[in-house]
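Written out below as structure tokens is the structure these notes cover.
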Amino acid sequence: MDRLISIFDLEGRDIEELLAIASSLKNERAHVKRRRDLEGKVLALIFEKPSTRTRISFEVAMLELGGDVLSLNRNELQLGRGERIKETAKVISIYTDAVMIRAYAHSTIEEFAHYASIPVINGLSDLEHPCQTLADLMTIKEYRKQLRGIKIAWVGDGNNVCNSLIGGCALAGIEEFSVACPRGYEPADRILKQAESLGCVVHITEDIEEAVTDADVIYTDVWVSMGAEAERARRVRVFRPYQVNEQVVAIAKPDAIVMHCMPVHVGEEMTESVLTREEDVILTQAENRLHTQKALLLKMLK
């Protein structure tokens with residue numbers, strides 16, 4: 001495994017193995033926080049976008065595995081002064097053993113990976129967020145005890161997180177996935193086609209009740225992603241009917257869980273009452289970023 005640019009860089013057996021490793025690491029961490037598996041290895045983190053969970057979880061993951069980490073803002077590099085991605089990728093490949101990039105454009109990460117000679121990880125782009133999906137699948141399995149045979153209902157913007165989750169669910173054998181979103185905010189066609197080729201047909205609807213009925217998992221995300229701030233007023237107006245509140249949760253199965261990758265904008269995509277009740281699930285998602293990324297780094301670098 002030498003790259004994770006798209007969730008589709010993985011196969012179903014890869015996800016199964018990564019989740020098993022992550023679960024073992026999670027159980028072990030209560031007793032052993034420092035390992036030496038990646039001693040002598042260096043991970044570079046490049047951020048075009050701000051980050052809380054991605055930055056901290058990758059830094060802690062690498063340090064707890066015995067390696068070192070460099071966190072770099074784009075403007076701290078010559079990229080901020082016009083150096084081409086091609087040269088930057090080649091130079092960073094000389095100095096470090098792997099790189100995680102959190103970028104605006106998916107094409108930036110693809111281009112970097114094309115010229116790099118070290119493993120490259122997508123820490124978020126405008127198309128996908130595969131690291132989040134690995135943590136989400138781990139969380140779903142912990143709470144629902146299995147992945148196959150459950151229904152996922154996504155509510156809101158069919159964004160990068162939604163795209164990767166669809167792909168991850170398809171790879172993991174989840175066949176029932178519904179998306180409730182306004183017209184024009186659907187997941188990417190290329191993602192839907194890839195999922196369908198794996199046997200997961202995604203039902204797209206503007207009707208939130210239709211999507212959420214009998215769902216085991218309800219998932220939502222922010223209405224205004226980083227880079228879309230200029231559209232805020234319009235997006236808030238368009239997505240208002242897609243708020244996950246007590247009435248929406250009541251449509252799903254009685255034991256359904258509600259998920260959110262954070263940050264949560266309370267009163268927009270999710271109400272305070274739902275956040276309070278589902279806080280354990282949502283914080284478990286955040287925690288599982290650490291464990292699944294440890295598993296990913298071990299597979300790539302050990």
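Chain lettering (A, B, ...) mirrors the order of the structure tokens, residue numbering begins at 1 for each chain separately, and ligand numbering begins at 1 in order of display.
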Residues of segment 121-295 of chain A classed as alpha helix (DSSP H) by DSSP on the backbone are to be reported as a PyMOL selection string. chain A and resi 130-144+160-172+189-197+208-212+232-239+246-249+272-277+279-295
Report as JSON lines: every residue of segment 154-210 of chain A with an atom at most 12 Å from segment 223-228 of chain A, its closest pair of atoms, and their distance in Å to one decimal, counting only C-alpha atoms, with rows sorted by chain and ascending residue number.
```
{"residue": "A:Val155", "atom": "CA", "partner": "A:Trp223", "partner_atom": "CA", "distance": 10.3}
{"residue": "A:Gly156", "atom": "CA", "partner": "A:Trp223", "partner_atom": "CA", "distance": 7.0}
{"residue": "A:Asp157", "atom": "CA", "partner": "A:Trp223", "partner_atom": "CA", "distance": 6.3}
{"residue": "A:Gly158", "atom": "CA", "partner": "A:Trp223", "partner_atom": "CA", "distance": 9.8}
{"residue": "A:Asn159", "atom": "CA", "partner": "A:Ser225", "partner_atom": "CA", "distance": 8.4}
{"residue": "A:Asn160", "atom": "CA", "partner": "A:Ser225", "partner_atom": "CA", "distance": 9.4}
{"residue": "A:Val161", "atom": "CA", "partner": "A:Ser225", "partner_atom": "CA", "distance": 10.4}
{"residue": "A:Cys181", "atom": "CA", "partner": "A:Trp223", "partner_atom": "CA", "distance": 10.7}
{"residue": "A:Pro182", "atom": "CA", "partner": "A:Trp223", "partner_atom": "CA", "distance": 11.3}
{"residue": "A:Tyr185", "atom": "CA", "partner": "A:Trp223", "partner_atom": "CA", "distance": 10.5}
```
Dump as a PDB file, in the first residue's frame, selection limited to C-alpha atoms:
```pdb
ATOM      1  CA  VAL A 155     -28.491  14.112   5.104  1.00  0.00           C
ATOM      2  CA  GLY A 156     -27.318  17.410   3.600  1.00  0.00           C
ATOM      3  CA  ASP A 157     -24.545  18.327   1.198  1.00  0.00           C
ATOM      4  CA  GLY A 158     -23.249  15.464  -0.969  1.00  0.00           C
ATOM      5  CA  ASN A 159     -19.712  16.672  -0.346  1.00  0.00           C
ATOM      6  CA  ASN A 160     -16.222  15.182  -0.120  1.00  0.00           C
ATOM      7  CA  VAL A 161     -16.978  13.307   3.113  1.00  0.00           C
ATOM      8  CA  CYS A 181     -29.938  16.536  -0.447  1.00  0.00           C
ATOM      9  CA  PRO A 182     -31.204  19.540  -2.411  1.00  0.00           C
ATOM     10  CA  TYR A 185     -25.808  19.167  -4.291  1.00  0.00           C
TER      11      TYR A 185
END
```
Which is closest to Leu38 of chain A among A:Val238, A:Asp280, A:Gln247, A:Leu63, if we use only C-alpha atoms?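 With only C-alpha atoms as the atom set, the closest residue is A:Leu63.
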Fewer than 2 positions away in the same chain doesn't count, so skip those; otherwise give me all residues within 7 Å of Lys86 of chain A, counting only C-alpha atoms, as a list in words.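 That gives Arg84, Thr88, Ala89, Lys90, Phe112 and Tyr115 of chain A.
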Within segment 52-300 of chain A, find each residue whose DSSP state, derived from the backbone, is strand (DSSP E or B), and express the selection as an MDAnalysis selection string. chainID A and resid 68:73 98:102 120:124 151:155 176:180 201:205 217:220 244 257:260 266 270
When distances are computed from only C-alpha atoms, which of A:Asp9, A:Asn288, A:Thr220, A:Asp255 shows the smallest separation from Leu275 of chain A?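 Checking each candidate against Leu275 of chain A, we get A:Thr220 as the closest.
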What is the distance between atom CA of His291 of chain A and atom CA of Ile257 of chain A, in Å to one decimal?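 It comes out at 20.6 Å.
Candidate residues A:Arg237, A:Arg289, A:Ala98, A:Glu39 were compared for distance to Leu65 of chain A, and the nearest is A:Glu39, using only C-alpha atoms.
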Identify, on the basis of only C-alpha atoms, every residue whose closest approach to segment 31-36 of chain A does not exceed 10 Å; exclude the query and any residue fewer than 2 positions from it along the same chain; express the result as a list in words. Leu25, Lys26, Asn27, Glu28, Arg29, Leu38, Glu39, Gly40, Val60, Ala61, Met62, Leu63, Glu64, Leu65, Gly66 and Gly67 of chain A
Pick from A:His260, A:Lys193, A:Lys302, A:Arg55, whichever lies nearest to Val222 of chain A using only C-alpha atoms: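 Among the listed residues, A:His260 lies closest to Val222 of chain A.
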Using only C-alpha atoms: which of A:His129, A:Lys49, A:Arg183, A:Lys141 has the shortest distance to Glu16 of chain A: A:Lys141
Show which residues sit within 12 Å of Ser197 of chain A, as a list of chain:residue names. Count only C-alpha atoms, and ignore same-chain residues fewer than 6 positions away.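 The neighbour list is A:Phe8, A:Gly167, A:Ala170, A:Leu171, A:Gly173, A:Glu175, A:Arg190, A:Ile191.
The nearest approach to Asp214 of chain A among the residues A:Cys169, A:Ala230, A:Val248, A:Ile7, with only C-alpha atoms taken into account, belongs to A:Val248.
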Point-to-point distance from atom CA of Ser107 of chain A to atom CA of Asp126 of chain A, Å rounded to tenths: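 Interatomic distance, atom CA of Ser107 of chain A to atom CA of Asp126 of chain A: 9.1 Å.
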Atom pair atom CA of Gly82 of chain A / atom CA of Tyr95 of chain A: separation (Å):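 Pair atom CA of Gly82 of chain A / atom CA of Tyr95 of chain A returns 20.4 Å.
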Any idea what's packed within 12 Å of Glu17 of chain A, counting only C-alpha atoms, ignoring anything in its chain fewer than 6 positions away? Could you give it as a PyMOL selection string? chain A and resi 1+10-11+23-24+134+138+172+292+295-296+298-299
Quick one: write out the picked residues with C-alpha atoms as a tab-separated table (two decimals), in the first residue's frame?
```tsv
chain	number	residue	atom	x	y	z
A	1	MET	CA	0.00	0.00	0.00
A	10	LEU	CA	-8.23	0.40	-1.29
A	11	GLU	CA	-9.99	-2.90	-1.74
A	23	SER	CA	-9.06	-2.03	16.72
A	24	SER	CA	-6.03	-3.84	18.14
A	134	LEU	CA	-11.83	4.68	7.62
A	138	MET	CA	-14.57	1.61	12.39
A	172	ALA	CA	-17.03	-2.82	2.83
A	292	THR	CA	-7.14	4.09	11.72
A	295	ALA	CA	-2.98	1.41	11.05
A	296	LEU	CA	-2.55	3.16	7.71
A	298	LEU	CA	2.02	1.00	9.75
A	299	LYS	CA	0.85	-0.57	6.49
```
Find the spatial neighbours of Thr205 of chain A, counting only C-alpha atoms, within a cut-off of 8 Å - ignore same-chain residues fewer than 5 positions away - and output them as a ChimeraX atom specification. /A:178-181,210-211
Store the residues picked out above, limited to C-alpha atoms, as a PDB file, in the first residue's frame.
```pdb
ATOM      1  CA  SER A 178     -29.469   6.852   0.787  1.00  0.00           C
ATOM      2  CA  VAL A 179     -28.670  10.528   0.320  1.00  0.00           C
ATOM      3  CA  ALA A 180     -31.167  13.291   1.094  1.00  0.00           C
ATOM      4  CA  CYS A 181     -29.938  16.536  -0.447  1.00  0.00           C
ATOM      5  CA  GLU A 210     -37.635   8.833   2.478  1.00  0.00           C
ATOM      6  CA  ALA A 211     -33.879   8.658   2.981  1.00  0.00           C
TER       7      ALA A 211
END
```
